[in-house]
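Q: Sharing a structure below in structure tokens format, with a few things to ask.
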Amino acid sequence: MTRSSVVLLAAAVVAVLLFAPAPLAPTRGAVASHAGSAQCFLGGGPASDGVISPGEYGETFFDGVTKILANFHCDASPERLLHVGLVSPWSGWVGLLVQAAEPMDGYANEVRLAYAPNEGGLRVQDAYRSIAEPTATADVLLGGRGDVLNVSTGSDGPARVFEFAIPLRSSDPYDSYLESEGPFYFAFEYSADLVDLDSGATALSSTSFVVEGVTLTGTWSAVEMAIVPPAAPPEAAQILLDLRDARGFPVPSAQLEVFVQTAFGFYEAGPVYTNEQGVASASFAPRDEGDYLIGAAYTGGYGLLASVAWQTLHVSSEFAGNPDAASLVGLRPVESLIVVIILGVWATYGYAFFVTHQSLRTQRPKAETRAEGPLAWRRR
Amino acid sequence: MEGSRRRFIRLAVVGVGAAGITTLFSSKLIEAVGFSRGDVRAAAPARRQWVMLIDLKKCDGCRKCTEACNTEHFVPPGQEWITVYEVQDEFGFRYFLPRPCMHCENAPCLKVCPVGATFRREDGVVLVDHRRCIGCRYCMAACPYDVRAFNWSEPPHTPEELAHTYRPEAPWPHRMGVVEKCMFCAHRAEEGELPACVRGCPMDAIYFGDLREDAVSNGREVLRLSETLRRDHGFRLKEELGTEPRVWYLPARRD
Amino acid sequence: MEPDVSASDAEILEPLRRTTWRFYVLLAGLAAVVGWGVYAYSWQLREGLSVTGLTDRVSWGVYISNFVFFIGISHAGTLISAILRVTRAEWRRPITRMAESITVMAIVVGAGFPLIDLGRPDRLMNVFFYGRLESAILWDFISIFTYLTGSLLYLLLPLIPDLAVVRRSVALGRFRSFLYTRLGGRWTGSAVQKRSLEKSIGLMAVIIIPVAISVHTVVSWIFGMTLRVGWHSAIFGVYFVGGAIFSGIATILIAMAVFRRVYHLEKYITPLHFRNLGALLLVLDLVMIYFTLSEYLTATYGAETRDVAWVRILSTGPYAILFWGMLLGGLVLPAFLLVFRRGIAGIVVAAILVDVAMWMERFLIVVPTMMTPQMAFTWNLYTPTWIEWSITAAAIAGFALLYALFSKLFPIVSIWEIQEQPAPAAEPAATEQEAVA
């Protein structure tokens with residue numbers, strides 16, 4: 001397989017925080033800096049089938065903030081199609097921002113995708129947005145075109161895969177026109193749980209990935225994950241990880257990130273390092289039953305591209321709460337006894353009243369009633 | 001008369017007996033007549049157990065958390081739903097102690113409420129229904145953490161506050177004669193947002209999260225709660241009272 | 001079997017026959033004070049509880065103190081009437097009516113205070129709609145309501161024969177005639193009726209004693225069930241009941257002295273009654289000294305931080321004068337008076353001291369505990385405002401007003417009971433009581 005490169009890539013490390021979190025208001029994930037790189041290749045495009053096979057894309061990298069794995073591949077068609085494959089752990093939409101010149105400032109082209117199985121399936125929007133605004137406007141509404149091609153989706157365990165292509169030399173003024181040499185800037189954003197493409201983003205990747213005309217080669221890698229669930233919480237689950245290169249050989253001494261999704265961002269259960277057999281293990285002790293989304297990522301290095309694995313750990317058991325916390329539910333019989341006592345007191349009142357009342361009624365002479373009845377005062 | 005007395009006794013015995021037996025055998029009766037403990041409003045949107053962790057090492061006493069909280073909830077003047085106390089020990093060491101509501105698992109305030117206006121959701125958040133509160137202030141007397149505040153007079157309003165529809169998870173507009181307190185930003189948790197005090201803390205000293213997940217976040221990092229508590233000697237306020245607070249502290253550094 | 005009013009009992013009916021201008025002046029004065037209190041309360045209704053001196057930290061104050069005090073006073077009726085009736089202490093007869101009526105008035109006035117203290121009195125019905133048996137306030141609602149009903153019944157049952165007497169002996173207006181006919185019009189005094197009445201009263205006397213004890217125990221539990229220093233104490237139930245009976249006896253002694261003087265009842269209310277009740281007061285005084293000693297010694301000996309803070313506030317804080325005044329002037333001094341000054345004057349002075357001291361004791365139970373810091377490190381201060389004092393004054397005036405009206409509507413001494421009494425002079429029960437003292 002020849003890889004003639006028109007647009008090549010380099011390792012541009014941009015660790016600058018390009019966007020203050022404030023304008024992209026709803027940020028909830030942890031914010032971390034990340035260095036990224038992208039590579040495009042000419043040649044046959046990847047198959048748009050919702051499945052990302054090993055080696056299908058020329059460049060792969062992982063964003064530690066959004067936990068999105070992105071695959072890129074450019075082809076030699078006249079439009080210069082950029083094929084993108086995204087692997088996202090989020091149930092909401094994901095977005096890819098593309099910008100030609102400035103590092104994520106001003107306006108950008110954005111492709112947002114979501115999968116809503118119960119509401120029409122796959123949703124796509126080619127949009128245009130100001131970086132300062134959290135929401136995007138569809139190109140078609142602005143008078144442009146929607147030029148997202150070959151869209152497909154699939155699932156990879158708990159993660160969702162989106163594959164699509166965009167023309168780099170688009171004639172739509174609302175798309176970023178990307179010259180072959182670059183640099184181009186990419187960023188990701190996502191909504192954690194909303195499939196409405198007009199809703200605001202939960203978080204944006206803190207780093208843009210710069211694509212420039214420098215060559216770097218790498219081969220794909222694969223992280224495999226296996227989880228041994230605990231018998232019952234709070235015993236720890238064993239997370240076994242295996243990292244292999246394109247030829248299937250284990251990769252030793254590699255750093256793997258392990259993270260567990262929580263209510264407010266990912267808890268980092270790593271990093272862990274692979275041994276001679278390319279195997280690493282981490283442990284995670286859930287406190288309670290439930291489903292835990294666990295991810296493991298290799299961010300690249302040693303001439304290897306990034307890869308990620310996602311799995312859901314299902315733990316079943318009852319959350320007992322605190323057994324020492326006093327509960328008055330156990331006092332029901334006592335409570336009932338008190339109710340009976342109170343009723344007894346009232347019954348005694350009733351009886352005392354009844355006895356006297358009866359004696360007054362039965363002992364009252366008829367004649368006297370007339371003489372001394374309630375209206376006797378009138379006759380006086 | 002004797003006959004009627006016998007009639008009364010028979011009547012009373014049957015009545016009391018029936019009432020007693022029904023009460024003894026039907027725990028539902030107590031709920032049916034309104035002596036409800038399992039409050040219907042206890043349902044929470046998600047199966048969470050919200051907790052807070054406050055790192056006293058980081059707190060510099062700037063009281064920005066209180067400010068953020070006051071703004072978020074239109075807290076009536078004079079009240080602080082999260083109060084920052086200045087503590088000084090016998091060696092002259094000073095530190096600051098922010099105190100939100102502890103959202104106790106065994107909440108003394110909840111037990112004493114005569115009308116169930118204070119209730120605990122399934123996710124552990126203790127809320128007050130201001131539509132039901134009669135203002136007896138027994139909960140204020142019962143709270144060991146001085147958390148609760150009372151609207152002694154009609155609180156001043158803003159149009160923004162008045163435009164809002166009241167619900168216990170977002171308890172404003174505020175009203176006179178009821179008891180108020182920190183509600184763990186239940187309305188923000190619904191949206192997947194961290195509480196206002198967490199967001200407002202410039203030192204990132206306040207963490208919030210789910211006890212079930214054993215993770216808390218200050219918006220910058222996610223910590224494993226159990227590990228952090230073990231490593232940094234976490235504690236809770238007045239642990240000896242058995243209230244089982246849902247707010248943990250990491251001790252202030254004494255240097 | 002019509003009970004006759006012998007000429008010797010005419011004094012008892014005299015207040016019902018004739019009303020002097022002094023009574024109307026008194027009535028007007030009391031009504032004015034009550035009216036002022038109503039005005040103060042209307043102020044509070046409009047402005048909220050911010051017109052009181054209460055704050056978030058000291059959230060209960062004078063109102064709750066008054067509540068505990070008046071419910072305590074209400075134990076007078078129970079003790080004098082029920083306990084003495086059950087133990088067949090015959091000297092009780094002339095004073096039972098006074099005692100029983102104090103109970104009803106004091107409950108009515110006392111039960112009003114939690115309502116005055118409510119932030120949202122308009123939502124009172126929520127207690128019925130949403131009441132939770134787990135809350136001590138609901139225990140209170142139930143026990144006070146039960147106690148009020150029982151006391152009312154216990155007051156009304158012995159009134160029936162007297163009303164028949166009054167109806168026949170006194171020229172009546174339209175209202176009173178209707179009232180007496182409704183309440184006692186069917187009384188003929190037959191043996192069957194008497195037996196039934198005695199039986200009912202005997203039953204009520206037995207049942208009302210545990211009910212009364214439960215009431216003040218439950219009132220104490222409102223405080224005792226919290227985790228606060230100074231409240232969270234197992235002695236609270238008996239401490240409250242003891243204090244209640246103590247202040248109840250003191251109140252009946254004061255009432256006896258007043259009615260004896262104003263209505264010229266010297267023939268019925270004799271020095272014997274003062275001596276016997278004085279002896280009882282002394283017993284309760286010693287009991288209270290014992291309880292107080294237990295309470296404070298337990299708190300200070302171990303010297304737990306919170307206990308020390310609390311005792312320091314009590315003994316040196318802004319209300320230290322009340323604390324020492326209560327201990328010395330309300331517990332120690334009355335004991336001396338009751339031992340060494342056994343005349344009516346000495347006993348009544350002791351009773352007044354006791355009543356004042358018991359109000360201070362209630363205040364000292366409620367307020368200094370709330371002043372003790374739980375989180376912050378400074379004392380929480382509380383100064384009652386004129387609104388609170390006005391409503392308190394109105395409550396005392398209202399209590400007196402109700403009592404004065406009662407004495408005009410019903411014989412304040414039970415006629416039929418003293419008629420059935422054996423010679424009042426040689427009374428074994430009295431000597432027993434003194435022996436206890």
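Naming scheme: A, B, ... for chains in displayed order of the structure tokens; residues 1 onward per chain; ligands 1 onward as shown.
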Just list the residues in range 16-227 of chain B DSSP gives strand (DSSP E) on the backbone, as a PyMOL selection string.
A: chain B and resi 50-55+83-88+94-99+118-120+126-128+149-150+179-180+206-210+215-217+222-224
Q: Please, which residues of range 238-333 of chain A, numbered as in this document, come out helix (DSSP H, G or I) from DSSP, as a PyMOL selection string?
A: chain A and resi 328-333
Q: Any chance you could export the current selection's all heavy atoms as an mmCIF file, in the first residue's frame?
A:
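Writing the result to part-v5.cif gives the following:
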```cif
data_model
loop_
_atom_site.group_PDB
_atom_site.id
_atom_site.type_symbol
_atom_site.label_atom_id
_atom_site.label_comp_id
_atom_site.auth_asym_id
_atom_site.auth_seq_id
_atom_site.Cartn_x
_atom_site.Cartn_y
_atom_site.Cartn_z
ATOM 1 N N LEU A 328 -37.181 4.894 62.449
ATOM 2 C CA LEU A 328 -38.309 4.697 63.347
ATOM 3 C C LEU A 328 -39.335 3.734 62.768
ATOM 4 O O LEU A 328 -40.337 3.460 63.392
ATOM 5 C CB LEU A 328 -38.970 6.041 63.649
ATOM 6 C CG LEU A 328 -38.216 6.884 64.679
ATOM 7 C CD1 LEU A 328 -38.932 8.181 64.911
ATOM 8 C CD2 LEU A 328 -38.063 6.140 65.987
ATOM 9 N N VAL A 329 -39.052 3.217 61.576
ATOM 10 C CA VAL A 329 -40.016 2.303 60.978
ATOM 11 C C VAL A 329 -40.201 1.085 61.871
ATOM 12 O O VAL A 329 -41.292 0.544 62.025
ATOM 13 C CB VAL A 329 -39.548 1.890 59.569
ATOM 14 C CG1 VAL A 329 -40.473 0.836 58.996
ATOM 15 C CG2 VAL A 329 -39.499 3.100 58.674
ATOM 16 N N GLY A 330 -39.113 0.691 62.537
ATOM 17 C CA GLY A 330 -39.184 -0.452 63.427
ATOM 18 C C GLY A 330 -40.047 -0.218 64.646
ATOM 19 O O GLY A 330 -40.340 -1.142 65.393
ATOM 20 N N LEU A 331 -40.437 1.042 64.848
ATOM 21 C CA LEU A 331 -41.230 1.353 66.023
ATOM 22 C C LEU A 331 -42.729 1.258 65.765
ATOM 23 O O LEU A 331 -43.523 1.649 66.590
ATOM 24 C CB LEU A 331 -40.897 2.758 66.527
ATOM 25 C CG LEU A 331 -39.511 2.909 67.126
ATOM 26 C CD1 LEU A 331 -39.296 4.324 67.598
ATOM 27 C CD2 LEU A 331 -39.323 1.960 68.285
ATOM 28 N N ARG A 332 -43.115 0.749 64.613
ATOM 29 C CA ARG A 332 -44.538 0.663 64.285
ATOM 30 C C ARG A 332 -45.381 0.024 65.392
ATOM 31 O O ARG A 332 -46.416 0.561 65.762
ATOM 32 C CB ARG A 332 -44.727 -0.124 62.987
ATOM 33 C CG ARG A 332 -44.615 0.736 61.765
ATOM 34 C CD ARG A 332 -45.964 1.322 61.391
ATOM 35 N NE ARG A 332 -45.793 2.600 60.712
ATOM 36 C CZ ARG A 332 -45.346 2.721 59.461
ATOM 37 N NH1 ARG A 332 -45.058 1.662 58.764
ATOM 38 N NH2 ARG A 332 -45.196 3.903 58.933
ATOM 39 N N PRO A 333 -44.968 -1.135 65.934
ATOM 40 C CA PRO A 333 -45.795 -1.745 66.987
ATOM 41 C C PRO A 333 -45.943 -0.818 68.190
ATOM 42 O O PRO A 333 -47.029 -0.703 68.759
ATOM 43 C CB PRO A 333 -45.026 -3.008 67.363
ATOM 44 C CG PRO A 333 -44.160 -3.297 66.197
ATOM 45 C CD PRO A 333 -43.824 -1.978 65.592
#
```
Q: Write out as a ChimeraX atom specification the residues lying within 10 Å of Leu84 in chain C, counting only C-alpha atoms and excluding same-chain residues fewer than 6 positions away.
A: /C:78,90-93,96,205,429
Q: Could you pull the residues within 8 Å of Val140 in chain A, counting only C-alpha atoms, minus those fewer than 3 positions along the same chain, as a VMD selection string?
A: chain A and resid 126 to 127 143 to 146
Q: I'd like the neighbourhood of range 162-168 of chain C as a PyMOL selection string, where a residue qualifies if any of its atoms comes within 8 Å (using only C-alpha atoms), though same-chain residues fewer than 4 positions away should be ignored.
A: chain C and resi 3-5+13+158+172+177+180-181+183-188+410-411+414-416
Q: Take the residues that were just selected and, keeping C-alpha atoms, output them as a PDB file, in the first residue's frame.
A:
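Final file, part-v5.pdb:
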```
ATOM      1  CA  PRO C   3     -79.845  19.625  97.353  1.00  0.00           C
ATOM      2  CA  ASP C   4     -80.685  22.672  99.379  1.00  0.00           C
ATOM      3  CA  VAL C   5     -78.634  25.740  99.688  1.00  0.00           C
ATOM      4  CA  LEU C  13     -73.521  32.143  95.589  1.00  0.00           C
ATOM      5  CA  PRO C 158     -68.900  18.046  89.240  1.00  0.00           C
ATOM      6  CA  LEU C 172     -80.873  34.572  86.327  1.00  0.00           C
ATOM      7  CA  SER C 177     -80.447  30.522  82.554  1.00  0.00           C
ATOM      8  CA  TYR C 180     -77.362  26.235  83.388  1.00  0.00           C
ATOM      9  CA  THR C 181     -80.374  24.516  81.908  1.00  0.00           C
ATOM     10  CA  LEU C 183     -75.549  21.931  81.434  1.00  0.00           C
ATOM     11  CA  GLY C 184     -77.350  20.855  84.591  1.00  0.00           C
ATOM     12  CA  GLY C 185     -81.066  21.180  83.995  1.00  0.00           C
ATOM     13  CA  ARG C 186     -81.755  17.508  84.348  1.00  0.00           C
ATOM     14  CA  TRP C 187     -80.161  17.016  87.695  1.00  0.00           C
ATOM     15  CA  THR C 188     -82.636  15.836  90.310  1.00  0.00           C
ATOM     16  CA  PHE C 410     -70.199  29.246  88.234  1.00  0.00           C
ATOM     17  CA  PRO C 411     -69.804  28.740  91.967  1.00  0.00           C
ATOM     18  CA  SER C 414     -68.222  23.175  94.931  1.00  0.00           C
ATOM     19  CA  ILE C 415     -71.428  23.367  96.961  1.00  0.00           C
ATOM     20  CA  TRP C 416     -72.546  19.791  96.799  1.00  0.00           C
TER      21      TRP C 416
END
```
Q: Which residue out of A:Ala132, A:Val148, A:Ala114, A:Ala222 has the minimum interatomic distance to Phe249 in chain A when only C-alpha atoms are used?
A: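 Selected residue with least distance to Phe249 in chain A: A:Ala222.
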Q: Counting only C-alpha atoms, which residues of chain C come no farther than 10 Å from chain B, as a PyMOL selection string?
A: chain C and resi 44-52+54-60+114-139+141+192+222-229+369-370+373-377
Q: Do you know which residues are at most 6 Å from range 30-37 of chain C counting only C-alpha atoms, after dropping those on the same chain fewer than 3 positions away, and could you put them as a list of chain:residue names?
A: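 Within the cut-off, the hits are C:Leu27, C:Ala40, C:Ser390, C:Ile391, C:Ala394, C:Ala397, C:Gly398.
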Q: Those same residues - C-alpha atoms - I'd like them written as a PDB file, in the first residue's frame.
A:
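The result, written out as again.pdb:
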```pdb
ATOM      1  CA  LEU C  27     -62.765  43.419  83.885  1.00  0.00           C
ATOM      2  CA  ALA C  40     -49.432  43.729  69.313  1.00  0.00           C
ATOM      3  CA  SER C 390     -47.313  42.810  75.446  1.00  0.00           C
ATOM      4  CA  ILE C 391     -48.558  39.424  74.325  1.00  0.00           C
ATOM      5  CA  ALA C 394     -52.129  39.890  77.597  1.00  0.00           C
ATOM      6  CA  ALA C 397     -54.468  39.218  81.884  1.00  0.00           C
ATOM      7  CA  GLY C 398     -56.480  36.879  79.694  1.00  0.00           C
TER       8      GLY C 398
END
```
Q: What's around range 142-156 of chain C at 8 Å? Count only C-alpha atoms, leave out sequence neighbours fewer than 2 positions away in its own chain, and write the answer as a list of chain:residue names.
A: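 Residues meeting the cut-off are A:Trp346, A:Tyr349, A:Phe353, C:Arg97, C:Glu100, C:Ser101, C:Thr103, C:Val104, C:Ile107, C:Val108, C:Ala111, C:Leu138, C:Trp139, C:Asp140, C:Pro158, C:Leu159, C:Ile160, C:Ile201, C:Met204, C:Ala205, C:Ile208, C:Val211, C:Ala212, C:Ser214, C:Val215, C:Val218.
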Q: Counting only C-alpha atoms, which of B:Glu180, B:Asp123, B:Asp232, B:Glu105 gets nearest to chain A?
A: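 With only C-alpha atoms as the atom set, the closest residue is B:Glu105.
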